[in-house]
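Data first, discussion second: the structure below is written as structure tokens.
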Amino acid sequence: MRQINKAAVLGSGVMGSTIAAHLANAGIEVLVLDIVPKELTDEEKAKGLTLDDPEVRNRIVNNNIAGLKKMKPAPFYLPENIKLIETGNFEDDIHKIAEADWIIEVVVENMKIKHDVLKNKIIPNYKDGAILSTNTSGLSVNEMAEVLPENIRKNFLVTHFFNPPRYMRLLELVPCKYTDKSVVDFMEKFISKRLGKGIVFAKDTPNFVGNRIGVYLIFSAIKHLQEMNMTVEEADAAAGQAIGLPKTAVFRLADLVGVDTIGHIGKNSYDLLKDDEEREIYRLPDFLEGMIEKGLHGNKTKKGFYKKEKMEGKSVIYYYDYNSGEYKEPAKPKFNSVQTVKQLDDPGERVKRMVTFDDKGAEFAWRVLRDGLLYAFKRIPEIADDIVNVDNAMRWGFNWELGPFEIMDAIGVKKFVKKAKNDGVEVPDELEQIESFYKLENGVKYYYDLTSGEYKEVPVKYDKIDFEILKSKNKVVESNAGASVLDLGDGVFCLEFHSKMNAISGDIMTMTPKAISRAENEGVGLVIGNQGKAFSAGANLMLLAVAAAEGAFDDINMMVKQFQKATMAIKYSKVPVVAAPFNLALGGGCEYSLHSDARVAHAETYMGLVEAGVGLLPAGGGTKELAIKAIDKAAKFETDVSPFTFKYFKQIGMAQHSMGAWELFKMDYMGEGDAVCMDIDRLIYDAKTKVLDLARNYVPRKPRTDLKAPGRSVAASIKVQLWNMMQGGFITEYEKYIGEMIAEVITGGDVNAGTLISEDYLLNLEREKFLKLCGQKKTLERIQHMLKKGKPLRN
């Protein structure tokens, strides 16, 4: 049975080093090698070093790996993961790759150099049976394979990571004509499970799948930009989230990728895609070549299609005028089409509505979509065998909300065809015969196979629980506008949030005890999870802001009581409750997770009690839970409670949140028995498995009445620190006030140290201080600022 315990990465540039970092994130030992420098630096000369010194010979690789510590966004889940990386150079250490189960070649995108590394570095030191892959973004895997002996060819393939490897879900697998199918199957399972990647099977064609469609879309957008005399600012306003693309839209994306990189890919595409009917679109327009020559390469040079400058103390983002070659002040264009559809949460509804408008923004968006979707249709089976791989590539690699064929379904294939033909655009005959690309029947999802002209079942991994399919099988047992209860099978139910950003709403609070009751009476346990964009972005601030502005404090009090009742129902359920947080799990979302028996968190989980940022404190039991954690830790270690109380106070007071699930163990939001899942597709399955494990010998918890309060003396110590911080200018006077409210709750209020208190007592304290903060003008200002600007106000 194959296993990968040690890997070797050849090449330590940005991609090589960040791939190594992500392998280390997965607990894999990694050897990273690079070339030996040919010259000494001035610093090395001053030290008296020579080209033979190890410090010099490993300088390139060591500098690149050291650079990972400063890189943003952070490539490591935890800084200490760097300890799993060993460094060396191609001359002194190449023999060590014989210990590797997986060798990844990540040298420069040049076929001659790759051939040299394969022939002269890898073949002489290859361990029989090891998997060898190249991280090329488009060079021919079959051409590379020709220089390899038969025993290596069968284990050779492309593993194309997208940048940055930790965060980008897409990985394209491209076998060569010699690759053993068992190797492809193994790598698909290993990379998805251990590295958390979404696998797309591509073919040996230039730019593979993601970049072939994504880069075409950028060049198509440039063409329509010029034809319609749009500004890049107008284009990005129209062709972003309004049509299911990310906020970066087209030209911000080009800046992110690199304008020079886009130009390089364009030239390569033109040279290599000789039979592509759209080949001419890849010719670089004069203005783009001019930008590259002037060094306007995007984010890396801080100037591209956009540049940011300070103006009167504020950051202003100027856009590049391709006609004049100068930067212009932002006009902040607002199209009626975009303003209307942005109110819609469902991406399918947004794009469906967007293409019905007739303003300039909608016309540009339609043209870009029209040409891009037709191009994608024509690329099958050239770049991939089916539409599923293409849709997955664009969602996972370019952050589209819907893939190209999903977008056509949303518009309606017949409507799409009719509108395109009305433009005088040639539409393939095959497309005119299709009703839809996907359909759901009897709990099975099918896709239209363009080769056979028949519908085929969409492959589903055994460990993926798909809510869309469950709902088609009538597995929703209770539901309201904000939440549902689903039957996951085997006696396990799931409380699913589906409010806007899954903010904790009255509907969710109402459904929580119902979900628990259902699990208690008809099953063995409950999962709290969903398959939206985020687990939960917190409580519904808009409702709170309105109530506070109107002085409806009785209503706020009742709302907080209901919230506390819901989280306490989770904690004292008669069956195990497991939370499955992912992405944002903030404020109330964090509180739901903290009260659960266990947590199975996706690796990219950003969790924390962040209420202080809007002038509040956690009142859904969050402050109470951290108070209990401090008290219990002090009792466990028979020591003073103060250090633990200070730690948790700081987490709440500074609105700290994790930058990944592994940090939650250090924050004590996760502990023994909790788990991290790398593959988002497995998350609900793993949480369900955790419920079944706990259900075997589950002993329900009992409400706490035995808590020894840290007391007023610890609160006083915290308040002294807050005063000092205010005097030093580190916090504002109002932040000091918020901190004092938090301190009074987390220490158990105005009582002597050691006074026995209960959970109910702490919940009442939470609610009292929360209401007090709601009545403050500066808290209302903070809430309103967050709602308008999406970032905290420090007042």
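Chains: A, B, ... in order of the structure tokens. Residues: from 1 per chain. Ligands: from 1, in order shown.
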As a short mmCIF file (atom, residue, chain, number, x, y, z; two decimals) with N, CA, C and O atoms, in the first residue's frame, list the residues of range 596-633 of chain A assigned to strand (DSSP E) by DSSP on the backbone atoms of this structure.
data_model
loop_
_atom_site.label_atom_id
_atom_site.label_comp_id
_atom_site.auth_asym_id
_atom_site.auth_seq_id
_atom_site.Cartn_x
_atom_site.Cartn_y
_atom_site.Cartn_z
N ALA A 598 -18.18 18.75 20.86
CA ALA A 598 -16.91 18.64 20.13
C ALA A 598 -17.00 19.48 18.87
O ALA A 598 -18.09 19.90 18.45
N ARG A 599 -15.85 19.70 18.27
CA ARG A 599 -15.75 20.48 17.06
C ARG A 599 -14.90 19.72 16.03
O ARG A 599 -13.84 19.20 16.37
N VAL A 600 -15.39 19.66 14.81
CA VAL A 600 -14.59 19.21 13.68
C VAL A 600 -14.52 20.42 12.74
O VAL A 600 -15.50 20.75 12.07
N ALA A 601 -13.39 21.10 12.75
CA ALA A 601 -13.26 22.37 12.03
C ALA A 601 -12.49 22.18 10.73
O ALA A 601 -11.50 21.44 10.69
N HIS A 602 -12.94 22.85 9.68
CA HIS A 602 -12.13 22.87 8.46
C HIS A 602 -10.85 23.64 8.74
O HIS A 602 -10.83 24.56 9.56
N THR A 605 -10.49 27.89 9.21
CA THR A 605 -11.58 28.39 10.06
C THR A 605 -11.09 29.61 10.82
O THR A 605 -10.07 29.55 11.52
N TYR A 606 -11.81 30.71 10.67
CA TYR A 606 -11.43 31.98 11.30
C TYR A 606 -12.45 32.26 12.40
O TYR A 606 -13.49 32.85 12.15
N MET A 607 -12.12 31.78 13.60
CA MET A 607 -13.08 31.79 14.70
C MET A 607 -12.62 32.71 15.82
O MET A 607 -11.44 32.80 16.13
N GLY A 608 -13.59 33.39 16.42
CA GLY A 608 -13.27 34.22 17.58
C GLY A 608 -14.49 34.96 18.09
O GLY A 608 -15.52 35.06 17.42
#
Could you please write out, as a list in words, every residue of range 217-247 of chain A that DSSP assigns to alpha helix (DSSP H)?
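Answer for range 217-247 of chain A, restricted to alpha helix (DSSP H): Leu217, Ile218, Phe219, Ser220, Ala221, Ile222, Lys223, His224, Leu225, Gln226, Glu227, Val232, Glu233, Glu234, Ala235, Asp236, Ala237 and Ala238 of chain A.
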So that I can see what lies close to Val341 in chain A, please list as a ChimeraX atom specification the residues with an atom at most 12 Å from it, counting only C-alpha atoms and leaving out residues fewer than 5 positions away in the same chain.
/A:238,240-244,335-336,346-357,361-362
Residue nearest Asn521 in chain A - candidates A:Lys332, A:Lys633, A:Lys574, A:Lys414, atoms counted: only C-alpha atoms:
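For Asn521 in chain A, the nearest of the candidates is A:Lys574.
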Contacts of Val117 in chain A at 9 Å or less, counting only C-alpha atoms, minus same-chain residues fewer than 4 places along, as a ChimeraX atom specification?
/A:10,105,107,112-113,121-123
Can you list, as a VMD selection string, every protein, DNA or RNA residue that comes within 8 Å of Ala687 in chain A when you count only C-alpha atoms, leaving out same-chain residues fewer than 2 positions away?
chain A and resid 527 578 to 580 599 to 600 683 to 685 689 to 691
Shell around Asn81 in chain A at 7 Å using only C-alpha atoms, local window under 4 positions removed, as a list of chain:residue names:
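Close residues of Asn81 in chain A: A:Ala24, A:Asn25, A:Phe76.
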Using only C-alpha atoms, which of the listed residues (A:Gly138, A:Pro404, A:Pro124, A:Pro79) sits closest to Ile152 in chain A?
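The closest residue to Ile152 in chain A is A:Pro124.
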Considering only C-alpha atoms, return as a PyMOL selection string whatever protein or nucleic-acid residues lie within 8 Å of Leu173 in chain A, sequence-local ones (same chain, fewer than 2 positions apart) excluded.
chain A and resi 157-160+171+175+184+188+199-202
